[in-house]
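File shown: entry-v6.txt (compact mmCIF, C-alpha atoms (C1' of nucleotides)).
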```txt
# COMPACT_ATOMS: atom_id res chain seq x y z
CA MET A 544 -13.19 -7.98 -9.68
CA ASP A 545 -13.87 -5.89 -12.79
CA VAL A 546 -10.38 -5.60 -14.27
CA GLY A 547 -11.54 -3.50 -17.20
CA ALA A 548 -13.34 -0.92 -15.12
CA ARG A 549 -10.41 -0.71 -12.73
CA LEU A 550 -7.93 -0.09 -15.48
CA ARG A 551 -10.15 2.52 -17.07
CA ALA A 552 -10.69 4.30 -13.78
CA ILE A 553 -7.00 4.33 -12.96
CA ARG A 554 -6.01 5.45 -16.43
CA LYS A 555 -8.46 8.33 -16.36
CA LEU A 556 -7.38 9.21 -12.86
CA LYS A 557 -3.89 9.67 -14.26
CA GLY A 558 -5.23 11.67 -17.18
CA LEU A 559 -3.96 9.30 -19.86
CA SER A 560 -5.58 8.30 -23.13
CA GLN A 561 -5.59 4.69 -24.27
CA ARG A 562 -2.96 5.50 -26.88
CA GLU A 563 -0.82 7.48 -24.47
CA LEU A 564 -0.83 4.70 -21.92
CA ALA A 565 -0.23 2.13 -24.65
CA LYS A 566 2.82 3.99 -25.84
CA ARG A 567 4.28 4.26 -22.36
CA ALA A 568 3.55 0.64 -21.64
CA GLY A 569 4.80 -0.72 -24.94
CA VAL A 570 1.53 -2.29 -26.04
CA THR A 571 -1.04 -1.30 -28.62
CA ASN A 572 -4.03 0.85 -27.93
CA SER A 573 -6.35 -1.94 -29.02
CA THR A 574 -5.02 -4.11 -26.22
CA ILE A 575 -6.01 -1.47 -23.71
CA SER A 576 -9.37 -0.97 -25.35
CA MET A 577 -10.19 -4.64 -25.19
CA ILE A 578 -8.99 -5.03 -21.63
CA GLU A 579 -11.09 -2.09 -20.51
CA LYS A 580 -14.15 -3.47 -22.25
CA ASN A 581 -13.53 -6.82 -20.61
CA SER A 582 -13.61 -8.43 -24.02
CA VAL A 583 -10.39 -10.15 -23.02
CA SER A 584 -8.82 -11.12 -19.74
CA PRO A 585 -5.22 -9.99 -19.99
CA SER A 586 -2.37 -12.23 -19.03
CA VAL A 587 -0.61 -11.28 -15.86
CA SER A 588 2.47 -10.34 -17.82
CA SER A 589 0.62 -8.06 -20.18
CA LEU A 590 -1.36 -6.47 -17.40
CA LYS A 591 1.90 -5.85 -15.61
CA LYS A 592 3.27 -4.37 -18.81
CA VAL A 593 0.27 -2.09 -19.11
CA LEU A 594 0.55 -1.00 -15.50
CA SER A 595 4.22 -0.23 -15.96
CA GLY A 596 3.07 2.68 -18.08
CA ILE A 597 1.20 4.22 -15.15
CA PRO A 598 3.34 3.14 -13.28
CA MET A 599 1.65 0.96 -10.67
CA PRO A 600 2.52 -2.42 -9.16
CA LEU A 601 0.10 -5.28 -9.53
CA VAL A 602 -0.68 -5.38 -5.83
CA GLU A 603 -1.86 -1.84 -5.90
CA PHE A 604 -3.95 -2.43 -8.98
CA PHE A 605 -5.87 -5.16 -7.25
CA SER A 606 -6.07 -3.55 -3.86
CA LEU A 607 -6.99 -0.03 -4.91
CA ASP A 608 -10.31 0.97 -3.46
CA LEU A 609 -12.20 2.72 -6.21
CA GLU A 610 -15.63 2.91 -4.65
CA GLN A 611 -14.53 5.21 -1.89
CA GLY A 612 -16.94 7.86 -0.87
CA ASN A 613 -19.51 6.65 1.64
CA PRO A 614 -19.05 9.42 4.18
CA THR A 615 -19.01 7.52 7.43
CA GLN A 616 -18.66 8.54 11.01
CA VAL A 617 -15.24 9.98 11.80
CA VAL A 618 -15.10 10.55 15.53
CA TYR A 619 -16.08 7.95 18.10
CA LYS A 620 -16.61 9.07 21.67
CA HIS A 621 -15.12 6.87 24.33
CA GLU A 622 -18.51 5.32 25.06
CA GLU A 623 -19.19 4.70 21.37
CA LEU A 624 -16.30 2.32 20.86
CA ILE A 625 -17.69 -1.10 20.07
CA ASP A 626 -16.99 -3.64 22.76
CA LEU A 627 -15.28 -6.78 21.53
CA SER A 628 -14.40 -8.00 24.99
CA SER A 629 -14.01 -11.71 25.41
CA GLY A 630 -13.37 -13.17 28.82
CA GLN A 631 -11.50 -10.82 31.13
CA VAL A 632 -9.85 -8.82 28.40
CA GLU A 633 -11.56 -5.58 27.50
CA MET A 634 -11.19 -4.69 23.80
CA LYS A 635 -12.85 -1.68 22.24
CA LEU A 636 -12.82 -1.21 18.48
CA VAL A 637 -12.41 2.20 16.85
CA GLY A 638 -14.36 2.76 13.64
CA LYS A 639 -17.41 0.55 13.85
CA ALA A 640 -19.15 2.48 11.06
CA HIS A 641 -16.25 1.97 8.71
CA THR A 642 -17.11 -0.94 6.46
CA ASN A 643 -14.25 -2.91 4.95
CA ARG A 644 -11.75 -1.35 7.30
CA MET A 645 -8.08 -2.04 6.75
CA ILE A 646 -6.96 -1.44 10.33
CA ALA A 647 -8.24 -3.05 13.47
CA PHE A 648 -7.53 -0.20 15.91
CA LEU A 649 -8.22 -1.21 19.50
CA ASN A 650 -8.18 0.18 23.00
CA GLU A 651 -7.40 -2.78 25.22
CA MET A 652 -7.35 -3.39 28.97
CA TYR A 653 -6.01 -6.54 30.60
CA PRO A 654 -6.95 -6.83 34.28
CA PRO A 655 -4.41 -8.50 36.60
CA GLY A 656 -4.01 -12.14 35.64
CA ALA A 657 -5.65 -11.81 32.21
CA ASP A 658 -4.15 -13.21 29.02
CA THR A 659 -5.02 -14.15 25.47
CA GLY A 660 -5.14 -17.83 26.28
CA ASP A 661 -2.80 -20.75 26.54
CA ASP A 662 -2.51 -21.24 22.79
CA MET A 663 -0.31 -18.82 20.98
CA LEU A 664 -2.07 -16.63 18.43
CA SER A 665 -0.98 -16.63 14.80
CA HIS A 666 -2.59 -15.07 11.78
CA GLU A 667 -1.85 -13.08 8.64
CA GLY A 668 -0.75 -9.47 8.92
CA GLU A 669 1.21 -7.20 11.20
CA GLU A 670 0.44 -5.58 14.49
CA ALA A 671 1.75 -2.75 16.60
CA GLY A 672 0.89 -1.22 19.93
CA THR A 673 1.89 1.07 22.77
CA VAL A 674 1.37 0.56 26.48
CA VAL A 675 -0.45 3.51 28.01
CA SER A 676 -0.46 2.43 31.64
CA GLY A 677 0.43 -0.61 33.70
CA ARG A 678 2.83 -3.31 32.62
CA LEU A 679 2.43 -5.98 29.95
CA GLU A 680 4.08 -9.29 29.28
CA LEU A 681 4.39 -10.03 25.58
CA THR A 682 5.60 -13.29 24.08
CA VAL A 683 6.56 -13.39 20.41
CA GLY A 684 8.09 -16.56 19.05
CA LEU A 685 10.45 -17.82 21.73
CA GLU A 686 11.06 -14.45 23.36
CA THR A 687 9.11 -12.92 26.23
CA TYR A 688 9.20 -9.21 26.99
CA ILE A 689 7.96 -6.88 29.72
CA LEU A 690 6.62 -3.55 28.47
CA GLU A 691 6.15 -0.46 30.59
CA PRO A 692 4.13 2.68 29.84
CA GLY A 693 5.43 4.26 26.63
CA ASP A 694 7.00 1.03 25.42
CA SER A 695 5.75 -0.33 22.15
CA TYR A 696 5.86 -3.39 19.93
CA TYR A 697 5.67 -4.25 16.27
CA PHE A 698 5.76 -7.75 14.77
CA ASP A 699 4.48 -10.06 12.06
CA SER A 700 1.28 -11.63 13.22
CA THR A 701 2.36 -14.88 11.62
CA GLN A 702 4.78 -15.33 14.49
CA PRO A 703 3.03 -17.05 17.38
CA HIS A 704 2.31 -14.51 20.10
CA ARG A 705 0.55 -14.05 23.42
CA PHE A 706 -0.33 -11.15 25.69
CA ARG A 707 -0.48 -11.51 29.47
CA ASN A 708 -0.82 -9.34 32.51
CA PRO A 709 0.86 -11.20 35.38
CA PHE A 710 1.08 -8.01 37.44
CA GLU A 711 -1.20 -6.48 40.03
CA GLU A 712 -2.19 -3.38 38.09
CA PRO A 713 -4.45 -3.46 35.05
CA VAL A 714 -2.60 -2.66 31.84
CA ARG A 715 -4.04 -0.41 29.15
CA LEU A 716 -2.71 -0.42 25.63
CA ILE A 717 -3.60 0.86 22.21
CA SER A 718 -2.98 -1.41 19.27
CA ALA A 719 -3.35 -1.65 15.53
CA THR A 720 -3.55 -4.74 13.36
CA THR A 721 -3.66 -4.96 9.61
CA PRO A 722 -5.37 -6.36 7.70
CA ALA A 723 -8.39 -5.97 9.95
CA ASN A 724 -9.65 -9.35 11.00
CA PHE A 725 -13.02 -8.18 12.27
CA MET B 396 7.19 -10.67 -9.39
CA ASP B 397 7.68 -14.39 -9.89
CA VAL B 398 4.11 -15.58 -10.38
CA GLY B 399 5.12 -19.20 -10.79
CA ALA B 400 7.16 -19.39 -7.62
CA ARG B 401 4.44 -17.62 -5.68
CA LEU B 402 1.78 -20.02 -6.83
CA ARG B 403 3.95 -23.02 -6.07
CA ALA B 404 4.81 -21.71 -2.62
CA ILE B 405 1.19 -20.99 -1.78
CA ARG B 406 0.00 -24.30 -3.11
CA LYS B 407 2.55 -26.20 -1.07
CA LEU B 408 1.74 -24.10 1.96
CA LYS B 409 -1.81 -25.35 1.64
CA GLY B 410 -0.62 -28.90 1.16
CA LEU B 411 -2.16 -29.35 -2.27
CA SER B 412 -0.83 -31.21 -5.29
CA GLN B 413 -1.05 -29.72 -8.75
CA ARG B 414 -3.83 -32.11 -9.63
CA GLU B 415 -5.71 -31.53 -6.41
CA LEU B 416 -5.61 -27.78 -6.84
CA ALA B 417 -6.50 -28.14 -10.51
CA LYS B 418 -9.58 -30.15 -9.65
CA ARG B 419 -10.74 -27.64 -7.07
CA ALA B 420 -10.09 -24.74 -9.39
CA GLY B 421 -11.64 -26.29 -12.45
CA VAL B 422 -8.53 -26.21 -14.62
CA THR B 423 -6.14 -28.91 -15.74
CA ASN B 424 -3.02 -29.93 -13.92
CA SER B 425 -0.87 -28.99 -16.88
CA THR B 426 -2.07 -25.42 -16.61
CA ILE B 427 -0.79 -25.27 -13.08
CA SER B 428 2.43 -26.97 -14.00
CA MET B 429 3.16 -24.46 -16.73
CA ILE B 430 2.22 -21.47 -14.63
CA GLU B 431 4.50 -22.64 -11.84
CA LYS B 432 7.34 -23.17 -14.25
CA ASN B 433 6.77 -19.71 -15.64
CA SER B 434 6.56 -21.21 -19.09
CA VAL B 435 3.37 -19.21 -19.51
CA SER B 436 1.98 -16.04 -17.99
CA PRO B 437 -1.60 -16.84 -17.05
CA SER B 438 -4.44 -14.51 -17.87
CA VAL B 439 -5.92 -12.72 -14.94
CA SER B 440 -9.11 -14.70 -15.30
CA SER B 441 -7.36 -18.03 -15.29
CA LEU B 442 -5.12 -17.05 -12.40
CA LYS B 443 -8.21 -16.01 -10.53
CA LYS B 444 -9.77 -19.36 -11.40
CA VAL B 445 -6.72 -21.17 -10.09
CA LEU B 446 -6.70 -19.15 -6.88
CA SER B 447 -10.38 -19.88 -6.34
CA GLY B 448 -9.28 -23.42 -5.59
CA ILE B 449 -7.15 -22.29 -2.67
CA PRO B 450 -9.19 -20.09 -2.11
CA MET B 451 -7.38 -16.75 -2.17
CA PRO B 452 -8.27 -13.37 -3.69
CA LEU B 453 -5.98 -11.86 -6.28
CA VAL B 454 -4.94 -9.03 -3.98
CA GLU B 455 -3.65 -11.44 -1.43
CA PHE B 456 -1.81 -13.45 -4.05
CA PHE B 457 0.14 -10.41 -5.13
CA SER B 458 0.63 -8.89 -1.72
CA LEU B 459 1.57 -12.01 0.16
CA ASP B 460 4.99 -11.69 1.66
CA LEU B 461 6.71 -14.99 1.06
CA GLU B 462 10.19 -14.05 2.13
CA GLN B 463 9.10 -13.54 5.69
CA GLY B 464 11.51 -14.60 8.30
CA ASN B 465 14.02 -11.89 9.13
CA PRO B 466 13.61 -11.98 12.89
CA THR B 467 13.51 -8.33 13.73
CA GLN B 468 13.21 -6.43 16.94
CA VAL B 469 9.83 -6.82 18.58
CA VAL B 470 9.79 -4.52 21.58
CA TYR B 471 10.83 -0.87 21.43
CA LYS B 472 11.47 0.93 24.68
CA HIS B 473 10.00 4.38 24.96
CA GLU B 474 13.37 5.95 24.26
CA GLU B 475 13.97 3.70 21.24
CA LEU B 476 11.05 5.01 19.25
CA ILE B 477 12.37 6.79 16.22
CA ASP B 478 11.70 10.49 16.23
CA LEU B 479 9.93 11.78 13.14
CA SER B 480 9.11 15.13 14.67
CA SER B 481 8.65 18.00 12.28
CA GLY B 482 8.12 21.48 13.61
CA GLN B 483 6.41 21.55 16.96
CA VAL B 484 4.68 18.24 16.56
CA GLU B 485 6.41 15.31 18.23
CA MET B 486 5.96 12.03 16.35
CA LYS B 487 7.60 8.80 17.41
CA LEU B 488 7.46 5.75 15.16
CA VAL B 489 7.04 2.24 16.52
CA GLY B 490 8.90 -0.51 14.66
CA LYS B 491 11.95 1.13 13.13
CA ALA B 492 13.62 -2.23 12.55
CA HIS B 493 10.66 -3.56 10.66
CA THR B 494 11.42 -3.20 6.98
CA ASN B 495 8.52 -2.91 4.58
CA ARG B 496 6.09 -2.24 7.37
CA MET B 497 2.40 -2.09 6.60
CA ILE B 498 1.41 0.08 9.55
CA ALA B 499 2.75 3.46 10.53
CA PHE B 500 2.15 3.27 14.27
CA LEU B 501 2.91 6.55 15.99
CA ASN B 502 2.98 8.13 19.42
CA GLU B 503 2.22 11.79 18.81
CA MET B 504 2.25 14.93 20.94
CA TYR B 505 0.92 18.30 19.83
CA PRO B 506 1.96 21.15 22.13
CA PRO B 507 -0.52 24.01 22.59
CA GLY B 508 -1.00 25.81 19.28
CA ALA B 509 0.54 23.10 17.13
CA ASP B 510 -1.07 21.76 13.97
CA THR B 511 -0.30 19.81 10.82
CA GLY B 512 -0.20 22.94 8.71
CA ASP B 513 -2.57 25.19 6.83
CA ASP B 514 -2.97 22.83 3.90
CA MET B 515 -5.18 19.86 4.46
CA LEU B 516 -3.45 16.49 4.23
CA SER B 517 -4.65 13.88 1.76
CA HIS B 518 -3.10 10.56 0.77
CA GLU B 519 -3.93 6.95 0.09
CA GLY B 520 -4.96 4.69 2.93
CA GLU B 521 -6.84 4.79 6.18
CA GLU B 522 -5.95 6.05 9.62
CA ALA B 523 -7.16 5.64 13.15
CA GLY B 524 -6.21 6.99 16.53
CA THR B 525 -7.09 7.47 20.16
CA VAL B 526 -6.47 10.52 22.34
CA VAL B 527 -4.56 9.56 25.48
CA SER B 528 -4.48 12.92 27.20
CA GLY B 529 -5.37 16.52 26.43
CA ARG B 530 -7.82 17.65 23.82
CA LEU B 531 -7.51 17.54 20.02
CA GLU B 532 -9.22 19.36 17.21
CA LEU B 533 -9.64 17.18 14.12
CA THR B 534 -10.94 18.36 10.78
CA VAL B 535 -11.98 15.79 8.19
CA GLY B 536 -13.59 17.02 5.01
CA LEU B 537 -15.89 19.86 6.01
CA GLU B 538 -16.41 18.73 9.59
CA THR B 539 -14.39 19.73 12.63
CA TYR B 540 -14.42 17.70 15.82
CA ILE B 541 -13.09 18.06 19.36
CA LEU B 542 -11.74 14.86 20.89
CA GLU B 543 -11.15 14.25 24.57
CA PRO B 544 -9.13 11.51 26.26
CA GLY B 545 -10.50 8.11 25.23
CA ASP B 546 -12.15 9.48 22.11
CA SER B 547 -11.00 8.01 18.84
CA TYR B 548 -11.21 8.51 15.10
CA TYR B 549 -11.14 6.45 11.93
CA PHE B 550 -11.29 7.82 8.37
CA ASP B 551 -10.14 7.41 4.79
CA SER B 552 -6.88 9.29 4.37
CA THR B 553 -8.06 10.40 0.95
CA GLN B 554 -10.39 12.82 2.66
CA PRO B 555 -8.58 16.08 3.36
CA HIS B 556 -7.76 16.27 7.05
CA ARG B 557 -5.91 18.33 9.64
CA PHE B 558 -4.93 17.96 13.26
CA ARG B 559 -4.71 20.95 15.60
CA ASN B 560 -4.25 21.66 19.26
CA PRO B 561 -5.88 25.05 19.94
CA PHE B 562 -5.99 24.35 23.66
CA GLU B 563 -3.63 25.15 26.50
CA GLU B 564 -2.66 21.60 27.38
CA PRO B 565 -0.48 19.42 25.18
CA VAL B 566 -2.41 16.56 23.58
CA ARG B 567 -1.02 13.06 23.32
CA LEU B 568 -2.42 10.52 20.92
CA ILE B 569 -1.60 7.14 19.49
CA SER B 570 -2.34 6.59 15.83
CA ALA B 571 -2.06 4.03 13.07
CA THR B 572 -1.97 4.60 9.33
CA THR B 573 -1.95 2.03 6.58
CA PRO B 574 -0.31 1.61 4.18
CA ALA B 575 2.73 2.94 5.97
CA ASN B 576 4.01 6.01 4.20
CA PHE B 577 7.41 6.11 5.86
C1' DC C 842 -16.65 22.18 -44.83
C1' DA C 843 -12.16 19.98 -45.40
C1' DA C 844 -8.00 18.79 -42.94
C1' DG C 845 -5.51 17.32 -39.10
C1' DG C 846 -5.21 15.47 -34.59
C1' DG C 847 -7.38 13.63 -30.87
C1' DT C 848 -10.56 10.07 -28.82
C1' DG C 849 -12.11 4.76 -28.44
C1' DT C 850 -13.63 0.54 -31.14
C1' DT C 851 -13.30 -3.44 -34.27
C1' DC C 852 -11.44 -6.82 -37.53
C1' DG C 853 -8.33 -10.72 -39.24
C1' DG C 854 -4.23 -12.97 -38.44
C1' DA C 855 -0.19 -13.90 -35.49
C1' DA C 856 1.20 -15.18 -30.96
C1' DT C 857 0.30 -17.02 -26.61
C1' DT C 858 -2.23 -19.78 -23.35
C1' DT C 859 -5.15 -23.92 -22.12
C1' DT C 860 -6.71 -28.40 -22.73
C1' DC C 861 -6.34 -33.31 -23.39
C1' DA C 862 -3.72 -37.12 -23.32
C1' DA C 863 0.33 -39.38 -22.85
C1' DC C 864 4.69 -39.89 -20.49
C1' DA C 865 8.35 -40.54 -16.81
C1' DG C 866 9.44 -40.86 -12.10
C1' DC C 867 8.69 -42.17 -7.10
C1' DC C 868 6.75 -44.91 -3.32
C1' DG C 869 4.43 -48.64 -0.90
C1' DT C 870 2.31 -53.11 -1.45
C1' DG C 871 1.29 -57.69 -2.93
C1' DC D 1208 9.30 -56.84 -9.83
C1' DA D 1209 4.74 -55.61 -11.37
C1' DC D 1210 1.03 -52.97 -10.02
C1' DG D 1211 -1.79 -49.04 -8.65
C1' DG D 1212 -1.65 -44.54 -7.18
C1' DC D 1213 0.45 -40.61 -6.63
C1' DT D 1214 3.68 -36.93 -8.17
C1' DG D 1215 5.02 -33.28 -11.99
C1' DT D 1216 6.20 -32.65 -17.06
C1' DT D 1217 5.51 -32.39 -22.03
C1' DG D 1218 3.55 -32.84 -26.77
C1' DA D 1219 -0.22 -31.31 -30.46
C1' DA D 1220 -4.62 -29.29 -30.96
C1' DA D 1221 -8.15 -26.03 -29.42
C1' DA D 1222 -9.09 -21.68 -27.40
C1' DT D 1223 -7.89 -17.16 -26.09
C1' DT D 1224 -5.27 -13.02 -26.26
C1' DC D 1225 -2.35 -9.55 -28.68
C1' DC D 1226 -0.85 -6.83 -32.60
C1' DG D 1227 -1.41 -4.09 -36.77
C1' DA D 1228 -4.37 -1.61 -39.41
C1' DA D 1229 -8.45 0.07 -40.36
C1' DC D 1230 -12.76 2.53 -38.91
C1' DA D 1231 -16.06 5.97 -36.80
C1' DC D 1232 -16.57 9.78 -33.96
C1' DC D 1233 -15.63 14.47 -31.92
C1' DC D 1234 -12.92 18.81 -31.82
C1' DT D 1235 -10.35 22.69 -33.41
C1' DT D 1236 -8.48 25.31 -37.15
C1' DG D 1237 -7.89 27.21 -41.53
```
Could you take the file, read its structure, and then write that structure out as structure tokens?
Amino acid sequence: MDVGARLRAIRKLKGLSQRELAKRAGVTNSTISMIEKNSVSPSVSSLKKVLSGIPMPLVEFFSLDLEQGNPTQVVYKHEELIDLSSGQVEMKLVGKAHTNRMIAFLNEMYPPGADTGDDMLSHEGEEAGTVVSGRLELTVGLETYILEPGDSYYFDSTQPHRFRNPFEEPVRLISATTPANF
Amino acid sequence: MDVGARLRAIRKLKGLSQRELAKRAGVTNSTISMIEKNSVSPSVSSLKKVLSGIPMPLVEFFSLDLEQGNPTQVVYKHEELIDLSSGQVEMKLVGKAHTNRMIAFLNEMYPPGADTGDDMLSHEGEEAGTVVSGRLELTVGLETYILEPGDSYYFDSTQPHRFRNPFEEPVRLISATTPANF
DNA sequence: CAAGGGTGTTCGGAATTTTCAACAGCCGTG
DNA sequence: CACGGCTGTTGAAAATTCCGAACACCCTTG
């Protein structure tokens, strides 16, 4: 994590000089110079102060992807989706060529009787999805729901959850999870 | 942004004492004590050092949502999806009750002739989608693609992009964008 | 080319953070 | 209750960071 380079890149992206940013942020230009040269490691409070002149929250500063640019594959034909299936559940991942993806975007199919296992799932992030065909049983926390085609869900992945298909038709759904855990 | 409280919460979540974390991180327990009490504002490098004992990257430290817990709606019936339609394009958002969402999860429908406008779109983040029915023309950067049902896409939203339906059938797709810009 | 305004860098000293060591409290055990 | 082992907190000294003021460089302008 090259704090100096990040700050410099962001500052230039905004078209600010060291002095201009310093003035807006209420620090001296030398502070910014030294931070950018990595000759100091700023305190969180002073970095926050500096970023307030952009303005930009700390999260964004650390999460911003500066080395964007590798032109990867954009469109994935149906048969190109990468198969992550485990057990009976069919899961196909969109965007295999995309390194460091933020979204796990999946096309899923649960045959009759399939589920995500007896243990409830729980992990960092959020997830959403829409049922395309068939019916789905979704348990989140203590609640259990039945979703029909067109119905959707959205919840914190930290809440324990499980997907099941107790019906006689296979259920197809499209889902997104972030951050991507693949 | 209460750095001290965050660190304390995360440390306790991991079941570590100040001394234990200090040992793993290679700092002294007093450092951790003072950071947690907000009697100092740690330098980025030392905070990073402290977090290495968890371990946890800086991004996650700043983005972690500690005040999770508001039990919001999980399932959204088809008719409950919130309508964001603009012009001819029908866009329905999943998860209206979810405040501060990370994912914009949409059910979209482009009638014949519809598009996202003459200007190419460009914004922070990444997006993915799958065509459910109909055919879609997608332009990303200099390339234009035709997607059929089951075909999917994934790209950096910073690349200029446009969606069009030049065909005679409406096209339905399900998409996810992060960070959520709604 | 001299002057003025812009850029970023560097220096010494002031201010802040970190260490080291000691301290106070709590609990379970002998 | 004294003891060891744990918890977190708090001093003074050492280390690091920040400010204020200079410096060097590049333009443009007169």
Practice prompt. Can you work out the spacing between C1' of DT851 (chain C) and CA of Ser438 (chain B) in Å, to one decimal?
Written response: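 CA of Ser438 (chain B) lies at a distance of 21.7 Å from C1' of DT851 (chain C).
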Item to complete: Could the residues of chain B within 8 Å of chain C, counting all atoms listed in the file, be given as a PyMOL selection string, please?
Response: chain B and resi 423+426+435-438
Discussion item. Give me the residues near region 626-631 of chain A as a PyMOL selection string, where near means some atom within 10 Å (using all atoms listed in the file) and where sequence neighbours in that chain fewer than 3 positions away do not count.
Written reply: chain A and resi 622-623+634-637+639+649-660+725
What lies within 12 Å of Leu559 (chain A) using only C-alpha atoms (C1' of nucleotides), ignoring chain neighbours under 3 positions off, as a JSON list (two decimals) with C-alpha atoms (C1' of nucleotides), in the coordinates of the input?
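Saved the output as selection36.json:
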```
[["chain", "number", "residue", "atom", "x", "y", "z"],
["A", 550, "LEU", "CA", -7.93, -0.09, -15.48],
["A", 551, "ARG", "CA", -10.15, 2.52, -17.07],
["A", 552, "ALA", "CA", -10.69, 4.30, -13.78],
["A", 553, "ILE", "CA", -7.00, 4.33, -12.96],
["A", 554, "ARG", "CA", -6.01, 5.45, -16.43],
["A", 555, "LYS", "CA", -8.46, 8.33, -16.36],
["A", 556, "LEU", "CA", -7.38, 9.21, -12.86],
["A", 562, "ARG", "CA", -2.96, 5.50, -26.88],
["A", 563, "GLU", "CA", -0.82, 7.48, -24.47],
["A", 564, "LEU", "CA", -0.83, 4.70, -21.92],
["A", 565, "ALA", "CA", -0.23, 2.13, -24.65],
["A", 566, "LYS", "CA", 2.82, 3.99, -25.84],
["A", 567, "ARG", "CA", 4.28, 4.26, -22.36],
["A", 568, "ALA", "CA", 3.55, 0.64, -21.64],
["A", 572, "ASN", "CA", -4.03, 0.85, -27.93],
["A", 575, "ILE", "CA", -6.01, -1.47, -23.71],
["A", 596, "GLY", "CA", 3.07, 2.68, -18.08],
["A", 597, "ILE", "CA", 1.20, 4.22, -15.15],
["A", 598, "PRO", "CA", 3.34, 3.14, -13.28],
["C", 848, "DT", "C1'", -10.56, 10.07, -28.82]]
```
Practice prompt. Grab the CA of Gln561 (chain A) to CA of Phe605 (chain A) distance for me, in Å with one decimal place.
Written response: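 One can read the CA of Gln561 (chain A) to CA of Phe605 (chain A) distance as 19.7 Å.
Interatomic distance, CA of Glu686 (chain A) against CA of Thr572 (chain B): 27.0 Å.
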For chain D versus chain B, which residues have an atom no more than 9 Å away, and what is each residue's nearest atom pair and distance in Å rounded to one decimal, using only C-alpha atoms (C1' of nucleotides), chain-then-number order, as a tab-separated table?
```
residue	atom	partner	partner_atom	distance
D:DT1214	C1'	B:Ser412	CA	7.8
D:DG1215	C1'	B:Ser428	CA	7.1
D:DT1216	C1'	B:Ser428	CA	7.5
D:DT1217	C1'	B:Ser425	CA	8.9
D:DT1224	C1'	B:Ser438	CA	8.6
```
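Between chain B and the candidates A:Ser676, A:Thr682, A:Ser595, A:Ser695, the tightest atom-to-atom separation, counting all atoms listed in the file, involves A:Ser695.
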Worksheet, complete the sentence: Counting only C-alpha atoms, the residue among B:Leu531, B:His518, B:Ile569, B:His556 that lies closest to chain A is B:Ile569
Worksheet entry | Counting only C-alpha atoms, the residue of B:Gly536, B:Gly545, B:Arg530, B:Thr573 that sits nearest Pro561 (chain B) |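 The shortest atom-to-atom distance to Pro561 (chain B) comes from B:Arg530.
Minimum atom-to-atom distance to chain B, evaluated using all atoms listed in the file, belongs to A:Lys591 out of A:Lys591, A:Arg707, A:Arg549, A:Lys557.
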Worksheet, complete the sentence: Using only C-alpha atoms, the shortest atom-to-atom distance to chain B among A:Val632, A:Val602, A:Leu594, A:Ile689 belongs to A:Val602
For region 853-859 of chain C, take all atoms listed in the file, fit an axis-aligned box around them, add 3 Å to each of the six sides, then output centre and edge lengths in Å rounded to one decimal, as AutoDock Vina command-line options.
```
--center_x -3.6 --center_y -17.3 --center_z -30.7 --size_x 15.5 --size_y 19.2 --size_z 23.1
```
